[in-house]
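Data file: coords_20.pdb. Format and content: PDB, C-alpha atoms.
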ATOM      1  CA  MET A   1     -45.446  -4.076 -10.198
ATOM      2  CA  ALA A   2     -47.442  -6.968 -11.632
ATOM      3  CA  SER A   3     -45.131  -9.565 -10.083
ATOM      4  CA  ILE A   4     -45.321  -7.813  -6.692
ATOM      5  CA  LEU A   5     -49.112  -7.734  -6.957
ATOM      6  CA  MET A   6     -49.204 -11.476  -7.682
ATOM      7  CA  VAL A   7     -46.899 -12.264  -4.739
ATOM      8  CA  LEU A   8     -48.998 -10.153  -2.374
ATOM      9  CA  ALA A   9     -52.207 -11.711  -3.674
ATOM     10  CA  LEU A  10     -50.868 -15.232  -3.101
ATOM     11  CA  SER A  11     -49.670 -14.273   0.379
ATOM     12  CA  ALA A  12     -53.048 -12.762   1.239
ATOM     13  CA  ASN A  13     -54.812 -15.864  -0.079
ATOM     14  CA  THR A  14     -52.724 -18.067   2.234
ATOM     15  CA  ALA A  15     -53.551 -15.887   5.233
ATOM     16  CA  PHE A  16     -57.266 -15.652   4.483
ATOM     17  CA  ALA A  17     -57.444 -19.405   3.872
ATOM     18  CA  ASP A  18     -55.597 -20.558   6.999
ATOM     19  CA  PHE A  19     -56.087 -17.825   9.607
ATOM     20  CA  PRO A  20     -59.842 -18.575  10.015
ATOM     21  CA  ARG A  21     -59.040 -22.291  10.389
ATOM     22  CA  LEU A  22     -56.420 -21.509  13.017
ATOM     23  CA  CYS A  23     -58.910 -19.330  14.899
ATOM     24  CA  ARG A  24     -61.432 -22.165  14.742
ATOM     25  CA  ALA A  25     -58.949 -24.623  16.261
ATOM     26  CA  ILE A  26     -58.135 -22.173  19.062
ATOM     27  CA  ALA A  27     -61.816 -21.418  19.641
ATOM     28  CA  GLN A  28     -62.583 -25.118  19.982
ATOM     29  CA  ASN A  29     -60.218 -25.117  22.966
ATOM     30  CA  ASN A  30     -62.046 -22.095  24.462
ATOM     31  CA  TYR A  31     -59.175 -19.636  23.971
ATOM     32  CA  LEU A  32     -61.134 -17.509  21.476
ATOM     33  CA  PRO A  33     -64.855 -16.686  21.209
ATOM     34  CA  HIS A  34     -66.862 -19.646  19.923
ATOM     35  CA  ALA A  35     -68.115 -17.518  17.013
ATOM     36  CA  PHE A  36     -64.754 -18.139  15.328
ATOM     37  CA  GLY A  37     -65.678 -21.812  15.033
ATOM     38  CA  THR A  38     -68.979 -21.241  13.239
ATOM     39  CA  ARG A  39     -69.230 -21.540   9.468
ATOM     40  CA  GLY A  40     -70.967 -18.718   7.625
ATOM     41  CA  ARG A  41     -73.451 -18.979   4.798
ATOM     42  CA  ARG A  42     -70.586 -19.447   2.307
ATOM     43  CA  LEU A  43     -69.202 -22.387   4.329
ATOM     44  CA  VAL A  44     -66.196 -20.427   5.575
ATOM     45  CA  TYR A  45     -65.345 -19.174   9.045
ATOM     46  CA  THR A  46     -66.666 -15.673   8.564
ATOM     47  CA  GLU A  47     -65.589 -14.189  11.894
ATOM     48  CA  GLY A  48     -61.936 -15.050  11.269
ATOM     49  CA  ILE A  49     -62.058 -13.467   7.809
ATOM     50  CA  TRP A  50     -63.578 -10.262   9.149
ATOM     51  CA  VAL A  51     -61.042 -10.006  11.965
ATOM     52  CA  LEU A  52     -58.145 -10.631   9.580
ATOM     53  CA  ALA A  53     -59.432  -8.007   7.135
ATOM     54  CA  VAL A  54     -59.792  -5.403   9.897
ATOM     55  CA  LEU A  55     -56.358  -6.146  11.364
ATOM     56  CA  ALA A  56     -54.725  -6.023   7.918
ATOM     57  CA  GLY A  57     -56.379  -2.675   7.245
ATOM     58  CA  LEU A  58     -55.207  -1.297  10.584
ATOM     59  CA  LEU A  59     -51.631  -2.392   9.880
ATOM     60  CA  LEU A  60     -51.666  -0.729   6.468
ATOM     61  CA  ILE A  61     -52.961   2.480   8.020
ATOM     62  CA  LEU A  62     -50.428   2.298  10.860
ATOM     63  CA  PHE A  63     -47.494   1.858   8.469
ATOM     64  CA  GLY A  64     -48.755   4.347   5.903
ATOM     65  CA  GLY A  65     -49.419   1.717   3.218
ATOM     66  CA  VAL A  66     -45.679   1.014   2.741
ATOM     67  CA  THR A  67     -45.458  -2.767   2.550
ATOM     68  CA  ASP A  68     -41.658  -2.718   2.925
ATOM     69  CA  ARG A  69     -42.138  -1.512   6.490
ATOM     70  CA  LEU A  70     -44.193  -4.636   7.211
ATOM     71  CA  ILE A  71     -41.310  -6.985   6.367
ATOM     72  CA  PRO A  72     -39.763  -6.878   9.889
ATOM     73  CA  LEU A  73     -43.172  -7.617  11.349
ATOM     74  CA  PHE A  74     -43.601 -10.582   9.026
ATOM     75  CA  ALA A  75     -40.066 -11.853   9.684
ATOM     76  CA  VAL A  76     -40.505 -11.817  13.454
ATOM     77  CA  GLY A  77     -43.861 -13.564  13.246
ATOM     78  CA  ALA A  78     -42.703 -16.202  10.770
ATOM     79  CA  PHE A  79     -39.437 -17.108  12.489
ATOM     80  CA  LEU A  80     -41.061 -17.053  15.921
ATOM     81  CA  ALA A  81     -43.601 -19.572  14.611
ATOM     82  CA  PHE A  82     -40.748 -21.705  13.252
ATOM     83  CA  THR A  83     -38.983 -21.543  16.613
ATOM     84  CA  LEU A  84     -42.053 -22.564  18.571
ATOM     85  CA  SER A  85     -42.892 -25.407  16.177
ATOM     86  CA  GLN A  86     -39.337 -26.785  16.258
ATOM     87  CA  ALA A  87     -39.226 -26.523  20.059
ATOM     88  CA  GLY A  88     -42.567 -28.275  20.209
ATOM     89  CA  MET A  89     -41.224 -31.117  18.080
ATOM     90  CA  VAL A  90     -38.297 -31.479  20.476
ATOM     91  CA  GLY A  91     -40.764 -31.944  23.317
ATOM     92  CA  HIS A  92     -42.774 -34.353  21.178
ATOM     93  CA  TRP A  93     -39.803 -36.610  20.462
ATOM     94  CA  LYS A  94     -38.745 -36.529  24.111
ATOM     95  CA  ARG A  95     -42.174 -37.781  25.180
ATOM     96  CA  LEU A  96     -42.505 -40.291  22.338
ATOM     97  CA  GLY A  97     -39.007 -41.800  22.487
ATOM     98  CA  GLY A  98     -38.189 -44.884  20.455
ATOM     99  CA  PRO A  99     -35.709 -45.514  17.603
ATOM    100  CA  GLY A 100     -34.556 -42.358  15.842
ATOM    101  CA  ALA A 101     -35.909 -40.046  18.561
ATOM    102  CA  THR A 102     -32.446 -38.757  19.508
ATOM    103  CA  ARG A 103     -31.602 -37.879  15.898
ATOM    104  CA  SER A 104     -34.970 -36.067  15.499
ATOM    105  CA  ILE A 105     -34.388 -34.172  18.748
ATOM    106  CA  ILE A 106     -31.003 -32.984  17.484
ATOM    107  CA  VAL A 107     -32.385 -31.914  14.099
ATOM    108  CA  ASN A 108     -35.377 -30.072  15.569
ATOM    109  CA  GLY A 109     -33.224 -28.605  18.318
ATOM    110  CA  ILE A 110     -30.776 -27.153  15.801
ATOM    111  CA  GLY A 111     -33.717 -25.730  13.850
ATOM    112  CA  ALA A 112     -35.179 -24.166  16.980
ATOM    113  CA  VAL A 113     -31.866 -22.581  17.952
ATOM    114  CA  ALA A 114     -31.226 -21.260  14.440
ATOM    115  CA  THR A 115     -34.656 -19.696  14.015
ATOM    116  CA  GLY A 116     -34.577 -18.413  17.601
ATOM    117  CA  ILE A 117     -31.309 -16.595  16.916
ATOM    118  CA  THR A 118     -32.885 -15.142  13.769
ATOM    119  CA  VAL A 119     -35.821 -13.829  15.812
ATOM    120  CA  VAL A 120     -33.467 -12.125  18.275
ATOM    121  CA  VAL A 121     -31.402 -10.593  15.475
ATOM    122  CA  VAL A 122     -34.447  -9.259  13.602
ATOM    123  CA  LEU A 123     -35.947  -7.893  16.806
ATOM    124  CA  SER A 124     -32.722  -6.108  17.696
ATOM    125  CA  ALA A 125     -32.067  -4.720  14.222
ATOM    126  CA  LYS A 126     -35.618  -3.851  13.179
ATOM    127  CA  PHE A 127     -37.240  -2.991  16.495
ATOM    128  CA  VAL A 128     -37.875   0.666  15.682
ATOM    129  CA  GLU A 129     -38.911  -0.125  12.094
ATOM    130  CA  GLY A 130     -41.920  -2.186  13.104
ATOM    131  CA  ALA A 131     -40.802  -5.231  15.057
ATOM    132  CA  TRP A 132     -42.088  -3.546  18.232
ATOM    133  CA  VAL A 133     -45.646  -4.254  17.061
ATOM    134  CA  THR A 134     -45.071  -7.975  17.451
ATOM    135  CA  MET A 135     -43.552  -7.489  20.890
ATOM    136  CA  LEU A 136     -46.733  -5.755  22.003
ATOM    137  CA  LEU A 137     -49.213  -7.870  20.069
ATOM    138  CA  ILE A 138     -48.107 -11.342  21.205
ATOM    139  CA  PRO A 139     -48.364 -10.681  24.986
ATOM    140  CA  ALA A 140     -51.676  -8.890  24.426
ATOM    141  CA  LEU A 141     -53.073 -11.877  22.492
ATOM    142  CA  LEU A 142     -51.927 -14.278  25.205
ATOM    143  CA  ILE A 143     -53.611 -12.182  27.897
ATOM    144  CA  VAL A 144     -56.838 -12.038  25.891
ATOM    145  CA  MET A 145     -56.814 -15.788  25.265
ATOM    146  CA  VAL A 146     -56.255 -16.570  28.948
ATOM    147  CA  TYR A 147     -59.115 -14.244  29.889
ATOM    148  CA  VAL A 148     -61.444 -15.845  27.313
ATOM    149  CA  ARG A 149     -60.549 -19.332  28.528
ATOM    150  CA  ARG A 150     -61.165 -18.313  32.148
ATOM    151  CA  HIS A 151     -64.541 -16.811  31.238
ATOM    152  CA  TYR A 152     -65.715 -19.953  29.451
ATOM    153  CA  HIS A 153     -64.525 -22.079  32.364
ATOM    154  CA  ASN A 154     -66.467 -19.932  34.848
ATOM    155  CA  VAL A 155     -69.575 -20.090  32.661
ATOM    156  CA  PHE A 156     -69.295 -23.879  32.503
ATOM    157  CA  LEU A 157     -68.930 -24.186  36.280
ATOM    158  CA  GLU A 158     -71.960 -21.959  36.847
ATOM    159  CA  THR A 159     -74.261 -23.494  34.235
ATOM    160  CA  HIS A 160     -73.214 -27.156  34.342
ATOM    161  CA  CYS A 161     -75.985 -29.381  35.681
ATOM    162  CA  ALA A 162     -75.792 -33.057  36.579
ATOM    163  CA  THR A 163     -79.117 -33.310  38.443
ATOM    164  CA  PRO A 164     -82.575 -34.295  37.099
ATOM    165  CA  LEU A 165     -85.397 -31.855  36.436
ATOM    166  CA  ASP A 166     -87.099 -30.581  39.594
ATOM    167  CA  VAL A 167     -90.853 -30.889  39.050
ATOM    168  CA  THR A 168     -91.916 -29.907  42.576
ATOM    169  CA  ASN A 169     -93.428 -26.603  43.654
ATOM    170  CA  ILE A 170     -94.185 -25.429  40.115
ATOM    171  CA  VAL A 171     -96.384 -22.339  40.169
ATOM    172  CA  ALA A 172     -97.528 -20.025  37.415
ATOM    173  CA  PRO A 173     -95.457 -16.848  37.057
ATOM    174  CA  LEU A 174     -96.632 -13.366  37.915
ATOM    175  CA  VAL A 175     -97.064 -11.622  34.568
ATOM    176  CA  ILE A 176     -96.266  -7.933  34.141
ATOM    177  CA  LEU A 177     -97.372  -6.300  30.886
ATOM    178  CA  PRO A 178     -96.343  -2.684  30.130
ATOM    179  CA  VAL A 179     -98.890  -0.856  27.956
ATOM    180  CA  GLN A 180     -99.323   2.651  26.590
ATOM    181  CA  ASN A 181    -102.893   2.453  25.321
ATOM    182  CA  TRP A 182    -105.471  -0.099  24.238
ATOM    183  CA  ASN A 183    -104.748  -1.579  20.813
ATOM    184  CA  GLN A 184    -104.446  -4.856  18.925
ATOM    185  CA  ILE A 185    -100.922  -5.496  20.226
ATOM    186  CA  VAL A 186    -102.042  -5.206  23.854
ATOM    187  CA  LYS A 187    -105.048  -7.401  23.112
ATOM    188  CA  LYS A 188    -102.806 -10.133  21.692
ATOM    189  CA  SER A 189    -100.415  -9.817  24.636
ATOM    190  CA  LEU A 190    -103.248 -10.116  27.163
ATOM    191  CA  ARG A 191    -104.600 -13.248  25.501
ATOM    192  CA  PHE A 192    -101.146 -14.804  25.735
ATOM    193  CA  ALA A 193    -100.761 -13.699  29.352
ATOM    194  CA  LEU A 194    -104.079 -15.346  30.306
ATOM    195  CA  LYS A 195    -102.800 -18.627  28.860
ATOM    196  CA  ILE A 196     -99.775 -18.774  31.145
ATOM    197  CA  SER A 197    -100.978 -17.201  34.406
ATOM    198  CA  SER A 198    -104.012 -16.029  36.333
ATOM    199  CA  GLU A 199    -102.084 -13.237  38.053
ATOM    200  CA  ILE A 200    -101.556 -10.457  35.534
ATOM    201  CA  ARG A 201    -100.545  -6.890  36.275
ATOM    202  CA  VAL A 202    -100.825  -4.453  33.412
ATOM    203  CA  VAL A 203     -98.575  -1.452  33.999
ATOM    204  CA  HIS A 204     -99.253   1.968  32.532
ATOM    205  CA  VAL A 205     -97.094   5.025  33.190
ATOM    206  CA  ASN A 206     -99.131   8.186  33.788
ATOM    207  CA  THR A 207     -97.469  11.010  31.882
ATOM    208  CA  GLY A 208    -100.600  13.154  31.841
ATOM    209  CA  GLU A 209    -101.783  11.844  28.493
ATOM    210  CA  LYS A 210    -104.366   9.169  27.642
ATOM    211  CA  THR A 211    -104.484   7.691  31.146
ATOM    212  CA  GLU A 212    -108.181   8.409  31.742
ATOM    213  CA  ILE A 213    -109.021   7.128  28.271
ATOM    214  CA  LEU A 214    -107.181   3.915  29.039
ATOM    215  CA  ARG A 215    -109.068   3.497  32.341
ATOM    216  CA  GLU A 216    -112.405   3.757  30.537
ATOM    217  CA  GLU A 217    -111.340   1.413  27.741
ATOM    218  CA  TRP A 218    -109.922  -1.029  30.265
ATOM    219  CA  LYS A 219    -113.233  -1.359  32.052
ATOM    220  CA  ARG A 220    -115.171  -1.794  28.802
ATOM    221  CA  PHE A 221    -112.722  -3.944  26.804
ATOM    222  CA  VAL A 222    -111.014  -6.022  29.506
ATOM    223  CA  GLU A 223    -112.762  -6.133  32.875
ATOM    224  CA  GLU A 224    -116.329  -6.699  31.632
ATOM    225  CA  PRO A 225    -115.448  -9.434  29.059
ATOM    226  CA  ALA A 226    -113.186 -11.183  31.592
ATOM    227  CA  GLN A 227    -115.897 -11.084  34.236
ATOM    228  CA  ARG A 228    -118.493 -12.479  31.855
ATOM    229  CA  ALA A 229    -116.109 -15.282  30.834
ATOM    230  CA  GLY A 230    -115.257 -16.095  34.446
ATOM    231  CA  VAL A 231    -111.499 -15.694  33.997
ATOM    232  CA  ALA A 232    -109.087 -13.792  36.192
ATOM    233  CA  ILE A 233    -109.361 -10.048  35.622
ATOM    234  CA  PRO A 234    -105.969  -8.491  34.816
ATOM    235  CA  GLU A 235    -105.119  -5.698  37.221
ATOM    236  CA  LEU A 236    -104.423  -2.268  35.748
ATOM    237  CA  ILE A 237    -101.695  -0.433  37.650
ATOM    238  CA  VAL A 238    -101.009   3.210  36.850
ATOM    239  CA  LEU A 239     -97.529   4.342  37.827
ATOM    240  CA  PRO A 240     -96.933   8.031  38.541
ATOM    241  CA  SER A 241     -94.197   9.803  36.631
ATOM    242  CA  PRO A 242     -93.882  13.492  37.584
ATOM    243  CA  TYR A 243     -91.026  14.026  35.131
ATOM    244  CA  ARG A 244     -92.751  12.092  32.336
ATOM    245  CA  LEU A 245     -90.192   9.290  32.340
ATOM    246  CA  ILE A 246     -91.517   6.075  30.797
ATOM    247  CA  LEU A 247     -88.995   3.289  31.215
ATOM    248  CA  SER A 248     -87.515   3.994  34.640
ATOM    249  CA  PRO A 249     -90.843   3.615  36.541
ATOM    250  CA  ILE A 250     -91.524   0.297  34.772
ATOM    251  CA  VAL A 251     -88.078  -1.106  35.549
ATOM    252  CA  ASP A 252     -88.290   0.039  39.178
ATOM    253  CA  TYR A 253     -91.738  -1.523  39.525
ATOM    254  CA  VAL A 254     -90.591  -4.862  38.104
ATOM    255  CA  LEU A 255     -87.607  -4.955  40.449
ATOM    256  CA  ASP A 256     -89.811  -4.002  43.408
ATOM    257  CA  VAL A 257     -92.291  -6.791  42.599
ATOM    258  CA  GLU A 258     -89.382  -9.225  42.300
ATOM    259  CA  ARG A 259     -88.218  -8.265  45.796
ATOM    260  CA  THR A 260     -91.674  -8.510  47.367
ATOM    261  CA  CYS A 261     -92.472 -11.866  45.742
ATOM    262  CA  PRO A 262     -89.384 -13.980  46.518
ATOM    263  CA  ASP A 263     -91.105 -17.305  45.834
ATOM    264  CA  GLN A 264     -92.565 -16.467  42.438
ATOM    265  CA  GLN A 265     -91.073 -16.050  39.005
ATOM    266  CA  ILE A 266     -91.731 -12.776  37.204
ATOM    267  CA  ALA A 267     -92.593 -12.881  33.497
ATOM    268  CA  VAL A 268     -92.401  -9.517  31.745
ATOM    269  CA  LEU A 269     -94.285  -9.483  28.457
ATOM    270  CA  VAL A 270     -92.925  -6.893  26.044
ATOM    271  CA  PRO A 271     -95.219  -6.065  23.095
ATOM    272  CA  GLU A 272     -93.229  -5.047  20.044
ATOM    273  CA  LEU A 273     -93.930  -3.987  16.485
ATOM    274  CA  VAL A 274     -92.161  -5.912  13.736
ATOM    275  CA  GLU A 275     -91.866  -3.726  10.666
ATOM    276  CA  LYS A 276     -91.975  -5.036   7.121
ATOM    277  CA  HIS A 277     -89.218  -2.692   5.891
ATOM    278  CA  TRP A 278     -86.104  -1.641   7.782
ATOM    279  CA  TYR A 279     -86.660   2.069   7.169
ATOM    280  CA  HIS A 280     -90.008   1.928   8.957
ATOM    281  CA  TYR A 281     -88.129   1.437  12.229
ATOM    282  CA  LEU A 282     -87.015   5.065  11.963
ATOM    283  CA  LEU A 283     -90.654   6.110  12.388
ATOM    284  CA  HIS A 284     -91.190   4.407  15.767
ATOM    285  CA  ASN A 285     -89.581   4.688  19.170
ATOM    286  CA  LYS A 286     -87.275   1.991  20.520
ATOM    287  CA  ARG A 287     -88.765   1.780  24.021
ATOM    288  CA  ALA A 288     -89.368  -1.978  23.818
ATOM    289  CA  SER A 289     -85.738  -2.717  22.968
ATOM    290  CA  ILE A 290     -84.436  -0.298  25.604
ATOM    291  CA  LEU A 291     -86.780  -1.759  28.232
ATOM    292  CA  LYS A 292     -85.509  -5.272  27.523
ATOM    293  CA  ALA A 293     -81.904  -4.076  27.719
ATOM    294  CA  LEU A 294     -82.500  -2.351  31.067
ATOM    295  CA  LEU A 295     -84.220  -5.399  32.539
ATOM    296  CA  LEU A 296     -81.420  -7.654  31.332
ATOM    297  CA  LEU A 297     -78.838  -5.379  32.926
ATOM    298  CA  ARG A 298     -80.621  -4.823  36.230
ATOM    299  CA  GLY A 299     -82.670  -8.014  36.521
ATOM    300  CA  ASN A 300     -81.799 -11.470  37.779
ATOM    301  CA  ARG A 301     -82.618 -15.119  37.143
ATOM    302  CA  ARG A 302     -86.186 -14.875  38.441
ATOM    303  CA  ILE A 303     -87.154 -12.266  35.847
ATOM    304  CA  VAL A 304     -88.055 -13.697  32.442
ATOM    305  CA  LEU A 305     -88.504 -11.528  29.344
ATOM    306  CA  ILE A 306     -91.029 -12.646  26.727
ATOM    307  CA  ASN A 307     -91.402 -10.875  23.388
ATOM    308  CA  VAL A 308     -94.913 -10.619  21.981
ATOM    309  CA  PRO A 309     -94.411  -9.488  18.356
ATOM    310  CA  TRP A 310     -97.027  -7.886  16.153
ATOM    311  CA  TYR A 311     -96.136  -8.204  12.470
ATOM    312  CA  LEU A 312     -97.286  -5.267  10.392
ATOM    313  CA  GLU A 313     -98.689  -6.274   7.013
ATOM    314  CA  SER A 314     -98.795  -2.829   5.423
TER     315      SER A 314
END

Will you turn the file into structure tokens for me?
Amino acid sequence: MASILMVLALSANTAFADFPRLCRAIAQNNYLPHAFGTRGRRLVYTEGIWVLAVLAGLLLILFGGVTDRLIPLFAVGAFLAFTLSQAGMVGHWKRLGGPGATRSIIVNGIGAVATGITVVVVLSAKFVEGAWVTMLLIPALLIVMVYVRRHYHNVFLETHCATPLDVTNIVAPLVILPVQNWNQIVKKSLRFALKISSEIRVVHVNTGEKTEILREEWKRFVEEPAQRAGVAIPELIVLPSPYRLILSPIVDYVLDVERTCPDQQIAVLVPELVEKHWYHYLLHNKRASILKALLLLRGNRRIVLINVPWYLES
């Protein structure tokens, strides 16, 4: 048992050492997500290690933890890799040519044929015992890699830019600020909004609570100070919500403003609490995060989301 444990540990070490590097090389050619090519805080390719650990766990569960049943799967994978590498060397020597190329082609060709025959034999003899997993997994991986490569290519074509910065017709954005009531977070958000635009629309959803209080506070805390300072007065817009929905009226309003103002960029300021401890997040709603997600899903390039965080000290 000890010798088997040592063999398995050495085999696992080889896989965990080289599989992340292989994923990095493939990711650099855009056939896997680019996250596989990023080093983690321990200077290893963390994504590849996590994926390998999950896949190894799934295989153990699928085969009931009996490692003997994984031997056909390993044999097919190993000899298929040998076959492909030997065939690749044949192509390499054919392209390179020169003295000794013919001898190398013969040697690598014999190796490719021998390991290829082994793959066919193992597949035929051990198909039911686990070799079928490889037959399904390899085509699936190829399909995924082609799809990933195509996605990255499409992203490059859409985002690639070879023209200089356009500095004409630059206008300040129309700022939309959703608020629930008057507080320090809204005050900070308004100050930031006044720095980037003179056209500010503060949106409040009327759910039958605190709306009249907000109107009174708005006049006293916003309109009068802004008028005395001679700055643009932010417009308070109260949206009706008969069914007491909060997020849907805001999203619909933003999209409607985007349609009616085709020549202006829309900046949506989202005030958000930043808690000091993770468990404090359980005590507050997640409307800010959900609002940002909805606007990202339903918005377009003319809608810009800006987080205005308020860091709690207590």

Name the residues captured by the PyMOL selection byres ((chain A and resi 186) around 12) when it is applied to the shown file; answer as a PyMOL selection string. chain A and resi 177-185+187-193+202-204+214+218+221-222+269-273+308-310

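Coordinates place atom CA of A:Gly299 at a distance of 22.8 Å from atom CA of A:Ser198.
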
For the structure provided, state which residues fall under the PyMOL selection byres ((chain A and resi 136-147) around 10), and present them as a PyMOL selection string. chain A and resi 26-27+30-33+77+131-135+148-153

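Within the 12 Å cut-off around A:Glu47, using only C-alpha atoms and omitting residues fewer than 6 positions from it on the same chain, the listed residues are Phe16, Phe19, Pro20, Arg21, Leu22, Cys23, Arg24, Ala27, Leu32, Pro33, His34, Ala35, Phe36, Gly37, Thr38, Arg39, Gly40, Arg41, Ala53 and Val54 of chain A.
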
What lies within 6 Å of A:Val90 using all atoms listed in the file, ignoring chain neighbours under 2 positions off, as JSON, numbers by chain? {"A": [87, 88, 92, 93, 105, 108]}

Determine the residue membership of the PyMOL selection byres ((chain A and resi 174) around 7) for the file above and supply it as a PyMOL selection string. chain A and resi 172-173+175-176+197+199-200+264-267

Skipping near chain neighbours, those fewer than 6 positions away, what residues fall within 12 Å of A:Ala293 using all atoms listed in the file, listed as a ChimeraX atom specification? /A:247,251,270,286-287,299,305

Selection as an NGL selection string: residues within 12 Å of (-32.7, -15.7, 15.0), counting only C-alpha atoms: :A and (75-83 or 110-125)

Model the absent atoms of stretch 95-101 of chain A so that all heavy atoms are present, and write the result as a CSV table (one decimal), in the frame of the given file.
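part-v8.csv written:
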chain,number,residue,atom,x,y,z
A,95,ARG,N,-41.1,-37.0,24.6
A,95,ARG,CA,-42.2,-37.8,25.2
A,95,ARG,C,-42.4,-39.1,24.5
A,95,ARG,O,-42.6,-40.1,25.1
A,95,ARG,CB,-43.5,-37.0,25.1
A,95,ARG,CG,-43.5,-35.8,26.1
A,95,ARG,CD,-45.0,-35.3,26.2
A,95,ARG,NE,-45.5,-34.9,24.9
A,95,ARG,CZ,-45.4,-33.7,24.3
A,95,ARG,NH1,-44.7,-32.8,24.9
A,95,ARG,NH2,-45.9,-33.5,23.1
A,96,LEU,N,-42.2,-39.1,23.1
A,96,LEU,CA,-42.5,-40.3,22.3
A,96,LEU,C,-41.4,-41.3,22.5
A,96,LEU,O,-41.6,-42.5,22.7
A,96,LEU,CB,-42.7,-39.9,20.9
A,96,LEU,CG,-43.1,-41.1,19.9
A,96,LEU,CD1,-44.5,-41.6,20.3
A,96,LEU,CD2,-43.2,-40.6,18.5
A,97,GLY,N,-40.1,-40.9,22.4
A,97,GLY,CA,-39.0,-41.8,22.5
A,97,GLY,C,-39.0,-42.8,21.3
A,97,GLY,O,-39.5,-42.5,20.2
A,98,GLY,N,-38.3,-43.9,21.5
A,98,GLY,CA,-38.2,-44.9,20.5
A,98,GLY,C,-37.0,-44.7,19.5
A,98,GLY,O,-36.2,-43.7,19.7
A,99,PRO,N,-36.8,-45.6,18.5
A,99,PRO,CA,-35.7,-45.5,17.6
A,99,PRO,C,-35.8,-44.2,16.8
A,99,PRO,O,-36.8,-43.8,16.3
A,99,PRO,CB,-35.9,-46.7,16.7
A,99,PRO,CG,-36.8,-47.7,17.5
A,99,PRO,CD,-37.7,-46.8,18.3
A,100,GLY,N,-34.6,-43.6,16.6
A,100,GLY,CA,-34.6,-42.4,15.8
A,100,GLY,C,-35.0,-41.1,16.6
A,100,GLY,O,-34.9,-40.0,16.0
A,101,ALA,N,-35.4,-41.2,17.8
A,101,ALA,CA,-35.9,-40.0,18.6
A,101,ALA,C,-34.8,-39.1,18.8
A,101,ALA,O,-34.9,-37.9,18.7
A,101,ALA,CB,-36.6,-40.5,19.9
